[in-house]
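Worksheet: the structure to be examined is printed underneath.
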Amino acid sequence: MSDQFVTTERHGPILLVTMNRPDVYNAVHAPMHQEMSAIWDDFAADPDLWVAVLTGAGAKAFSAGNDLKYTAQGGKGSMPDTGFAGLSSRFDLEKPIIAAVNGFAMGGGFEIALSCDIVLAADTATFALPEVKVGLFAAAGGVQRLSRQIGRKPAVEIMLTGRHVSAAEGLSLGFVNAVLPAGHLLEAAMEKAREICAVSPSSVKATKRVLNGMDDLEQLKASLAHSREVMSELRHTEDFSEGVNAFVEKRQPQWKNR
């Protein structure tokens, strides 16, 4: 099946989801957020689908994250209650999603991967939370999930510098499960999905239910709500406007700290 910005394919109990805006490196804008949220709603509700694989169209990018040009140009629409790509604030999904990170995963693209249960990366993939370079911060779960998945100290350094992290470093830090040659990535992800499908789907759902409960105990939902409040405050600063404008104009920002 093909929607406007995302394609889906059913392979038995496996749903292959491909973010399909390669001309903008699969950056996500409001209409795509809504489209992806609907796809995950349908995936959750379909008893014949047990596992999903998520990847990006083209060889260069998994996702460049938030489509800042769309935002700067006054693009219409809002993010769904389920969050970035319909995933970052989805707290009750009891089916696993495997991220097949085929290229760079920047900002929200990295946060999409962190929202998935398993991350397989091409050896050419890179990751970053560069929001601080454009007057933003990783408010779609990057702060919470990266610090929980690899520990606070290495996560803070990545978040505060916005530097790029290779797939190999991601594996050593622990947010990547395996690194594959780019040409074998998708098949490896599908094979991992088939491996999961070979075990009890009821047991998988039970495991995910407990993991979701752990997120609740750790107040992930409340922390993400706080991130949205802080982001709302940040949007009223001069640095926010300067960061977005400098990105669109392809120049170095002139920070004012106000």
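Ordering of the structure tokens sets the chain letters (A, B, ...); residue numbers start at 1 within each chain; ligands are numbered from 1 in the order shown.
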Requested in this report: Considering only C-alpha atoms, return as number ranges by chain whatever protein or nucleic-acid residues lie within 12 Å of Leu129 of chain A, sequence-local ones (same chain, fewer than 5 positions apart) excluded.
Outcome: A: 64-66, 104-114, 134-143, 145-146, 155-165
Query - Selection: 8 Å around segment 56-60 of chain A, only C-alpha atoms, excl. self and same-chain fewer than 3 positions, as a ChimeraX atom specification - result: /A:18-22,25-26,63,100-104
Please, could you write that set of residues out with C-alpha atoms as a short mmCIF file (atom, residue, chain, number, x, y, z; two decimals), in the first residue's frame?
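Output contents, as saved in out-v9.cif:
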data_model
loop_
_atom_site.label_atom_id
_atom_site.label_comp_id
_atom_site.auth_asym_id
_atom_site.auth_seq_id
_atom_site.Cartn_x
_atom_site.Cartn_y
_atom_site.Cartn_z
CA THR A 18 8.97 3.02 4.69
CA MET A 19 9.17 6.77 5.26
CA ASN A 20 8.95 8.02 1.70
CA ARG A 21 10.08 11.62 1.25
CA PRO A 22 13.58 10.96 -0.12
CA TYR A 25 15.77 12.99 3.32
CA ASN A 26 12.52 11.64 4.78
CA SER A 63 15.10 10.44 8.45
CA ALA A 100 16.33 -0.49 9.98
CA VAL A 101 18.43 2.67 9.93
CA ASN A 102 19.65 2.80 6.36
CA GLY A 103 21.34 6.23 6.44
CA PHE A 104 21.62 9.25 8.67
#
Report summary line: Counting only C-alpha atoms, closest pick from A:Pro154, A:Gly183, A:Pro31, A:Gly213 relative to Gly170 of chain A is A:Pro154
Report task. Name the residues of segment 161-190 of chain A that fall into strand (DSSP E) according to DSSP on the backbone, using the chain letters and numbers of this document, as a ChimeraX atom specification. Result -> /A:165-166,178-180
Requested in this report: Write out as an NGL selection string all residues of segment 15-237 of chain A that DSSP puts in alpha helix (DSSP H) for this structure's backbone.
Outcome: :A and (30-45 or 68-72 or 108-115 or 142-150 or 152-161 or 167-173 or 185-197 or 201-217 or 220-234)
Query raised in the report: Using only C-alpha atoms, which residues sit within 7 Å of segment 80-83 of chain A once same-chain residues fewer than 4 positions away are excluded, as a VMD selection string?
Result: chain A and resid 33 to 34 37 87 to 90
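Checking A:His184, A:His29, A:Lys69, A:His11 one by one against Val248 of chain A, counting only C-alpha atoms, you find the shortest gap at A:Lys69.
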Query raised in the report: Excluding same-chain residues fewer than 3 positions from Ala121 of chain A, what lies within 9 Å of it counting only C-alpha atoms, as a PyMOL selection string?
Result: chain A and resi 99-103+124-126+167-168+170-171+176-182+185
Report task. Within 8 Å of Asp117 of chain A, counting only C-alpha atoms, which residues show up once you throw out same-chain ones fewer than 5 positions away? Write them as a list in words, please. Result ->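 Result of the neighbour search: Pro96, Ile97, Ile98 and Ala99 of chain A.
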Just write the chosen residues, N, CA and C atoms, as a compact mmCIF listing (two decimals), in the first residue's frame.
# COMPACT_ATOMS: atom_id res chain seq x y z
N PRO A 96 6.30 -5.24 18.78
CA PRO A 96 7.63 -4.65 18.58
C PRO A 96 7.81 -4.02 17.21
N ILE A 97 8.64 -2.98 17.19
CA ILE A 97 9.03 -2.31 15.95
C ILE A 97 10.55 -2.36 15.85
N ILE A 98 11.03 -2.80 14.71
CA ILE A 98 12.47 -2.86 14.43
C ILE A 98 12.81 -1.70 13.52
N ALA A 99 13.74 -0.86 13.92
CA ALA A 99 14.22 0.22 13.06
C ALA A 99 15.37 -0.29 12.22
**Report entry** Residues within 12 Å of Arg235 of chain A, only C-alpha atoms, excluding chain neighbours under 4 positions, as a PyMOL selection string
**Finding:** chain A and resi 134-137+228-231+239-244+258
Requested in this report: Tell me, in Å to one decimal, how far atom CA of Val24 of chain A is from atom CA of Ala44 of chain A.
Outcome: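 Atom CA of Ala44 of chain A lies at a distance of 28.2 Å from atom CA of Val24 of chain A.
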**Report entry** Pick from A:Cys197, A:Ala222, A:Ala38, A:Ala52, whichever lies nearest to Gln144 of chain A using only C-alpha atoms
**Finding:**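 For Gln144 of chain A, the nearest of the given residues is A:Ala222.
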**Report entry** Nearest residue to Leu217 of chain A from the set A:Asp123, A:Phe84, A:Phe91, A:Ser166 (distances using only C-alpha atoms)
**Finding:**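 Selected residue with least distance to Leu217 of chain A: A:Phe91.
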Query raised in the report: Using only C-alpha atoms, which of the listed residues (A:Asp3, A:Arg148, A:Lys133, A:Met190) sits closest to Glu218 of chain A?
Result: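 Result for the nearest residue to Glu218 of chain A: A:Arg148.
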Report task. Just the residues within 9 Å of Glu35 of chain A, please, counting only C-alpha atoms, with nothing from its chain fewer than 5 positions along; format it as a PyMOL selection string. Result -> chain A and resi 3-6+30+40+85-86
Query raised in the report: So how many Å separate atom CA of Asn212 of chain A and atom CA of Lys95 of chain A, to one decimal?
Result: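 So the answer is 10.9 Å.
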